[in-house]
file data04.cif (mmCIF, C-alpha atoms)
data_start
loop_
_atom_site.label_atom_id
_atom_site.label_comp_id
_atom_site.auth_asym_id
_atom_site.auth_seq_id
_atom_site.Cartn_x
_atom_site.Cartn_y
_atom_site.Cartn_z
CA MET A 58 176.48 -87.62 161.28
CA ASP A 59 176.37 -88.98 164.83
CA ARG A 60 177.71 -86.44 167.40
CA ARG A 61 180.06 -89.00 168.94
CA LEU A 62 181.58 -89.82 165.56
CA LEU A 63 181.96 -86.12 164.79
CA SER A 64 183.69 -85.59 168.16
CA LEU A 65 186.05 -88.50 167.53
CA LEU A 66 186.92 -87.18 164.07
CA THR A 67 187.59 -83.74 165.55
CA ILE A 68 189.90 -85.24 168.19
CA LEU A 69 191.81 -87.18 165.55
CA ALA A 70 192.11 -84.10 163.33
CA LEU A 71 193.46 -81.97 166.18
CA GLY A 72 195.85 -84.59 167.47
CA ARG A 73 194.36 -84.52 170.99
CA VAL A 74 191.45 -83.14 172.91
CA GLY A 75 191.22 -79.36 172.88
CA TYR A 76 194.55 -78.65 171.22
CA ALA A 77 193.20 -76.07 168.81
CA ALA A 78 196.43 -74.72 167.35
CA GLY A 79 197.85 -77.68 165.44
CA PRO A 80 199.75 -80.89 166.12
CA GLU A 81 201.60 -81.67 169.33
CA VAL A 82 204.89 -79.98 170.08
CA GLU A 83 207.76 -82.32 170.98
CA TYR A 84 209.89 -82.08 174.11
CA PRO A 85 213.01 -79.98 173.31
CA SER A 86 215.85 -82.40 174.03
CA GLY A 87 219.22 -80.74 174.61
CA PHE A 88 217.82 -77.22 175.04
CA ARG A 89 220.23 -76.42 177.89
CA GLN A 90 223.05 -76.43 175.31
CA TRP A 91 221.27 -73.82 173.16
CA ALA A 92 221.86 -70.07 173.40
CA HIS A 93 220.66 -68.61 176.68
CA VAL A 94 218.48 -65.61 175.86
CA LYS A 95 217.81 -64.16 179.30
CA SER A 96 216.80 -64.85 182.89
CA MET A 97 214.22 -63.30 185.18
CA VAL A 98 212.69 -63.98 188.59
CA ILE A 99 209.06 -63.33 189.42
CA TYR A 100 209.24 -63.33 193.22
CA SER A 101 206.14 -61.50 194.45
CA ASP A 102 202.40 -61.35 193.99
CA LYS A 103 202.92 -57.74 192.88
CA HIS A 104 203.51 -59.26 189.44
CA PRO A 105 200.24 -60.28 187.70
CA LEU A 106 201.68 -63.66 186.61
CA PHE A 107 203.09 -64.64 190.01
CA GLY A 108 200.44 -67.28 190.67
CA GLN A 109 201.04 -69.08 187.40
CA PHE A 110 204.67 -68.24 186.60
CA GLY A 111 206.34 -67.26 189.86
CA GLY A 112 209.94 -68.44 190.03
CA PHE A 113 213.19 -68.43 188.04
CA HIS A 114 212.74 -68.02 184.30
CA SER A 115 215.45 -68.99 181.83
CA VAL A 116 214.78 -68.64 178.11
CA TYR A 117 216.71 -70.53 175.42
CA VAL A 118 216.65 -70.44 171.61
CA ASN A 119 217.85 -73.11 169.21
CA PRO A 120 220.49 -72.32 166.53
CA LYS A 121 217.80 -71.92 163.84
CA GLY A 122 216.09 -69.11 165.78
CA LEU A 123 219.20 -67.40 167.15
CA PRO A 124 219.69 -64.93 164.24
CA ALA A 125 216.09 -63.65 164.56
CA MET A 126 216.44 -63.45 168.33
CA THR A 127 219.66 -61.41 168.17
CA LYS A 128 218.95 -59.26 165.09
CA GLY A 129 215.16 -59.05 165.13
CA GLY A 130 212.66 -59.90 162.45
CA SER A 131 210.52 -62.93 161.84
CA PHE A 132 211.66 -66.30 163.14
CA PRO A 133 212.22 -68.94 160.44
CA ASP A 134 210.36 -72.24 160.49
CA GLY A 135 212.23 -74.66 162.72
CA SER A 136 212.94 -72.05 165.39
CA VAL A 137 212.35 -73.29 168.93
CA LEU A 138 212.14 -71.22 172.11
CA VAL A 139 212.15 -72.79 175.57
CA PHE A 140 210.97 -71.22 178.81
CA ASP A 141 212.43 -73.16 181.76
CA LEU A 142 210.57 -72.29 184.98
CA LEU A 143 212.00 -73.29 188.35
CA GLU A 144 210.74 -72.58 191.84
CA ALA A 145 212.45 -69.66 193.57
CA ARG A 146 213.26 -70.25 197.23
CA GLU A 147 214.77 -67.84 199.72
CA GLU A 148 217.75 -69.35 201.49
CA ASN A 149 220.09 -67.36 203.76
CA GLY A 150 219.34 -64.04 202.06
CA ALA A 151 219.60 -65.40 198.50
CA TYR A 152 217.06 -66.67 196.00
CA VAL A 153 217.99 -70.20 194.92
CA GLU A 154 216.57 -72.53 192.32
CA GLY A 155 214.10 -75.10 193.52
CA SER A 156 212.28 -77.82 191.64
CA ARG A 157 211.34 -77.41 187.99
CA LYS A 158 207.75 -76.25 187.62
CA LEU A 159 207.48 -76.53 183.85
CA ILE A 160 209.16 -76.38 180.47
CA GLY A 161 207.30 -74.10 178.05
CA VAL A 162 208.01 -74.59 174.34
CA MET A 163 207.29 -72.54 171.21
CA VAL A 164 208.00 -74.11 167.79
CA LYS A 165 207.77 -72.08 164.57
CA ASP A 166 206.09 -73.85 161.65
CA ARG A 167 203.84 -71.62 159.59
CA GLN A 168 202.03 -74.53 157.92
CA ARG A 169 201.38 -76.71 160.96
CA TYR A 170 200.38 -73.88 163.31
CA LYS A 171 198.59 -71.36 161.09
CA VAL A 172 195.92 -70.69 163.73
CA ALA A 173 198.49 -69.43 166.26
CA GLY A 174 200.62 -67.07 164.18
CA GLY A 175 202.80 -69.92 162.94
CA TRP A 176 203.77 -71.04 166.46
CA GLY A 177 203.06 -74.31 168.23
CA PHE A 178 202.88 -74.09 172.02
CA GLU A 179 203.32 -76.68 174.75
CA ALA A 180 204.21 -76.95 178.42
CA PHE A 181 205.64 -80.04 180.08
CA LYS A 182 205.01 -80.48 183.80
CA GLY A 183 208.04 -80.47 186.10
CA ASP A 184 210.83 -82.71 184.83
CA SER A 185 208.48 -84.85 182.74
CA ARG A 186 209.16 -85.19 179.03
CA THR A 187 205.68 -86.60 178.43
CA GLU A 188 203.19 -84.99 180.86
CA ARG A 189 201.72 -82.12 178.88
CA THR A 190 199.73 -79.31 180.47
CA VAL A 191 198.39 -77.38 177.46
CA THR A 192 194.93 -78.48 176.36
CA ASP A 193 194.02 -75.47 174.20
CA ALA A 194 197.10 -73.66 172.87
CA THR A 195 195.04 -70.92 171.25
CA ALA A 196 193.30 -69.96 174.49
CA GLU A 197 196.03 -70.83 177.00
CA CYS A 198 199.09 -69.52 175.14
CA PHE A 199 198.45 -67.67 171.92
CA ALA A 200 195.75 -65.42 173.37
CA CYS A 201 198.44 -63.76 175.49
CA HIS A 202 201.20 -63.96 172.85
CA GLN A 203 198.99 -62.09 170.35
CA LYS A 204 199.94 -58.93 172.24
CA GLN A 205 203.48 -59.42 170.84
CA LYS A 206 202.51 -59.58 167.16
CA ALA A 207 205.06 -56.88 166.29
CA ASN A 208 207.77 -59.20 167.74
CA ASP A 209 206.57 -62.32 165.89
CA PHE A 210 204.53 -63.23 169.00
CA VAL A 211 207.65 -63.59 171.18
CA TYR A 212 207.99 -61.85 174.54
CA SER A 213 211.68 -62.39 175.22
CA GLY A 214 214.38 -60.25 173.73
CA PHE A 215 218.01 -61.26 173.57
CA ARG A 216 220.27 -59.92 176.31
CA PRO A 217 223.77 -59.75 174.82
#

call {"tool": "encode", "arguments": {"input": "data04.cif", "output": "structure tokens"}}
result
Amino acid sequence: MDRRLLSLLTILALGRVGYAAGPEVEYPSGFRQWAHVKSMVIYSDKHPLFGQFGGFHSVYVNPKGLPAMTKGGSFPDGSVLVFDLLEAREENGAYVEGSRKLIGVMVKDRQRYKVAGGWGFEAFKGDSRTERTVTDATAECFACHQKQKANDFVYSGFRP
């Protein structure tokens, strides 16, 4: 088979170039009305993720995933987690929210995302609902989330 044809077939099978962990994840409309899980600020280069994820973090879970988030255990298919990352700016002795840097999304579907522990991953740039930044979810997202296998690959815990 011609290499170009094989490459095209691979792209079509994956849904887009390099996305190795299943089909695209949709933008999570209405997530700000979901349960707020927790907030955090990475404000200094003392934190190893400052360069990539410095700023205000707010994590949300949809109603389907809320019981697993609050009680523990495996998340059911249809669970969605959102990581809303905003710039953190110092203003008159307070940290204030700046522009949105990205919206990170995890969607649980054991059939569609078998390669990544049953999770689909995506990040949308700034306030865009269409500009995606993840090109290889396995390498860019799941590689780090594998460290949380005991927590169904989720870093955030619910803060009651």

call {"tool": "closest_residue", "arguments": {"input": "data04.cif", "among": "A:Asn208, A:Ser115, A:Ser156, A:Gln168", "to": "A:Gly135", "atoms": "all atoms listed in the file"}}
result
A:Gln168

call {"tool": "residues_around", "arguments": {"input": "data04.cif", "residues": "stretch 82-85 of chain A", "least_positions_apart": "3", "cutoff": "12 Å", "atoms": "only C-alpha atoms", "output": "PyMOL selection string"}}
result
chain A and resi 72-73+76+78-79+88-91+117-119+135-141+159-166+169-170+176-182+184-192+194

call {"tool": "atom_distance", "arguments": {"input": "data04.cif", "atom1": "atom CA of A:Lys206", "atom2": "atom CA of A:Gly130"}}
result
11.2 Å

call {"tool": "residues_around", "arguments": {"input": "data04.cif", "residues": "stretch 210-214 of chain A", "least_positions_apart": "3", "cutoff": "8 Å", "atoms": "all atoms listed in the file", "output": "number ranges by chain"}}
result
A: 94-95, 116, 126-127, 174, 202-207

call {"tool": "resolve_selection", "arguments": {"input": "data04.cif", "expression": "the PyMOL selection byres ((chain A and resi 146-152) around 10)", "output": "mmCIF file with C-alpha atoms, keeping the file's coordinate frame"}}
result
data_model
loop_
_atom_site.group_PDB
_atom_site.id
_atom_site.type_symbol
_atom_site.label_atom_id
_atom_site.label_comp_id
_atom_site.auth_asym_id
_atom_site.auth_seq_id
_atom_site.Cartn_x
_atom_site.Cartn_y
_atom_site.Cartn_z
ATOM 1 C CA VAL A 98 212.690 -63.980 188.590
ATOM 2 C CA TYR A 100 209.240 -63.330 193.220
ATOM 3 C CA GLY A 112 209.940 -68.440 190.030
ATOM 4 C CA PHE A 113 213.190 -68.430 188.040
ATOM 5 C CA LEU A 143 212.000 -73.290 188.350
ATOM 6 C CA GLU A 144 210.740 -72.580 191.840
ATOM 7 C CA ALA A 145 212.450 -69.660 193.570
ATOM 8 C CA VAL A 153 217.990 -70.200 194.920
ATOM 9 C CA GLU A 154 216.570 -72.530 192.320
ATOM 10 C CA GLY A 155 214.100 -75.100 193.520
ATOM 11 C CA SER A 156 212.280 -77.820 191.640
#

call {"tool": "atom_distance", "arguments": {"input": "data04.cif", "atom1": "atom CA of A:Phe132", "atom2": "atom CA of A:Gly175"}}
result
9.6 Å

call {"tool": "atom_distance", "arguments": {"input": "data04.cif", "atom1": "atom CA of A:Lys158", "atom2": "atom CA of A:Ser101"}}
result
16.3 Å

call {"tool": "build_atoms", "arguments": {"input": "data04.cif", "residues": "stretch 160-178 of chain A", "atoms": "N, CA and C atoms", "output": "PDB file, keeping the file's coordinate frame"}}
result
ATOM      1  N   ILE A 160     208.395 -76.746 181.658  1.00  0.00           N
ATOM      2  CA  ILE A 160     209.160 -76.380 180.470  1.00  0.00           C
ATOM      3  C   ILE A 160     208.132 -75.914 179.447  1.00  0.00           C
ATOM      4  N   GLY A 161     208.179 -74.634 179.086  1.00  0.00           N
ATOM      5  CA  GLY A 161     207.300 -74.100 178.050  1.00  0.00           C
ATOM      6  C   GLY A 161     208.049 -74.102 176.728  1.00  0.00           C
ATOM      7  N   VAL A 162     207.366 -74.465 175.638  1.00  0.00           N
ATOM      8  CA  VAL A 162     208.010 -74.590 174.340  1.00  0.00           C
ATOM      9  C   VAL A 162     207.183 -73.871 173.275  1.00  0.00           C
ATOM     10  N   MET A 163     207.890 -73.140 172.403  1.00  0.00           N
ATOM     11  CA  MET A 163     207.290 -72.540 171.210  1.00  0.00           C
ATOM     12  C   MET A 163     208.076 -73.061 170.004  1.00  0.00           C
ATOM     13  N   VAL A 164     207.375 -73.586 169.010  1.00  0.00           N
ATOM     14  CA  VAL A 164     208.000 -74.110 167.790  1.00  0.00           C
ATOM     15  C   VAL A 164     207.401 -73.369 166.597  1.00  0.00           C
ATOM     16  N   LYS A 165     208.256 -72.821 165.739  1.00  0.00           N
ATOM     17  CA  LYS A 165     207.770 -72.080 164.570  1.00  0.00           C
ATOM     18  C   LYS A 165     207.618 -73.021 163.382  1.00  0.00           C
ATOM     19  N   ASP A 166     206.402 -73.088 162.866  1.00  0.00           N
ATOM     20  CA  ASP A 166     206.090 -73.850 161.650  1.00  0.00           C
ATOM     21  C   ASP A 166     204.807 -73.239 161.090  1.00  0.00           C
ATOM     22  N   ARG A 167     204.968 -72.384 160.117  1.00  0.00           N
ATOM     23  CA  ARG A 167     203.840 -71.620 159.590  1.00  0.00           C
ATOM     24  C   ARG A 167     202.727 -72.487 159.006  1.00  0.00           C
ATOM     25  N   GLN A 168     203.046 -73.643 158.485  1.00  0.00           N
ATOM     26  CA  GLN A 168     202.030 -74.530 157.920  1.00  0.00           C
ATOM     27  C   GLN A 168     201.283 -75.303 158.998  1.00  0.00           C
ATOM     28  N   ARG A 169     202.002 -75.867 159.932  1.00  0.00           N
ATOM     29  CA  ARG A 169     201.380 -76.710 160.960  1.00  0.00           C
ATOM     30  C   ARG A 169     200.589 -75.911 161.993  1.00  0.00           C
ATOM     31  N   TYR A 170     200.993 -74.665 162.230  1.00  0.00           N
ATOM     32  CA  TYR A 170     200.380 -73.880 163.310  1.00  0.00           C
ATOM     33  C   TYR A 170     199.826 -72.551 162.809  1.00  0.00           C
ATOM     34  N   LYS A 171     199.143 -72.584 161.700  1.00  0.00           N
ATOM     35  CA  LYS A 171     198.590 -71.360 161.090  1.00  0.00           C
ATOM     36  C   LYS A 171     197.703 -70.587 162.062  1.00  0.00           C
ATOM     37  N   VAL A 172     196.897 -71.297 162.833  1.00  0.00           N
ATOM     38  CA  VAL A 172     195.920 -70.690 163.730  1.00  0.00           C
ATOM     39  C   VAL A 172     196.578 -69.811 164.796  1.00  0.00           C
ATOM     40  N   ALA A 173     197.816 -70.128 165.160  1.00  0.00           N
ATOM     41  CA  ALA A 173     198.490 -69.430 166.260  1.00  0.00           C
ATOM     42  C   ALA A 173     199.700 -68.647 165.760  1.00  0.00           C
ATOM     43  N   GLY A 174     199.544 -67.925 164.669  1.00  0.00           N
ATOM     44  CA  GLY A 174     200.620 -67.070 164.180  1.00  0.00           C
ATOM     45  C   GLY A 174     201.846 -67.821 163.699  1.00  0.00           C
ATOM     46  N   GLY A 175     201.681 -69.111 163.402  1.00  0.00           N
ATOM     47  CA  GLY A 175     202.800 -69.920 162.940  1.00  0.00           C
ATOM     48  C   GLY A 175     203.565 -70.595 164.065  1.00  0.00           C
ATOM     49  N   TRP A 176     203.079 -70.460 165.299  1.00  0.00           N
ATOM     50  CA  TRP A 176     203.770 -71.040 166.460  1.00  0.00           C
ATOM     51  C   TRP A 176     202.954 -72.176 167.074  1.00  0.00           C
ATOM     52  N   GLY A 177     203.638 -73.257 167.420  1.00  0.00           N
ATOM     53  CA  GLY A 177     203.060 -74.310 168.230  1.00  0.00           C
ATOM     54  C   GLY A 177     203.495 -74.076 169.667  1.00  0.00           C
ATOM     55  N   PHE A 178     202.613 -74.322 170.595  1.00  0.00           N
ATOM     56  CA  PHE A 178     202.880 -74.090 172.020  1.00  0.00           C
ATOM     57  C   PHE A 178     202.670 -75.363 172.809  1.00  0.00           C
TER      58      PHE A 178
END
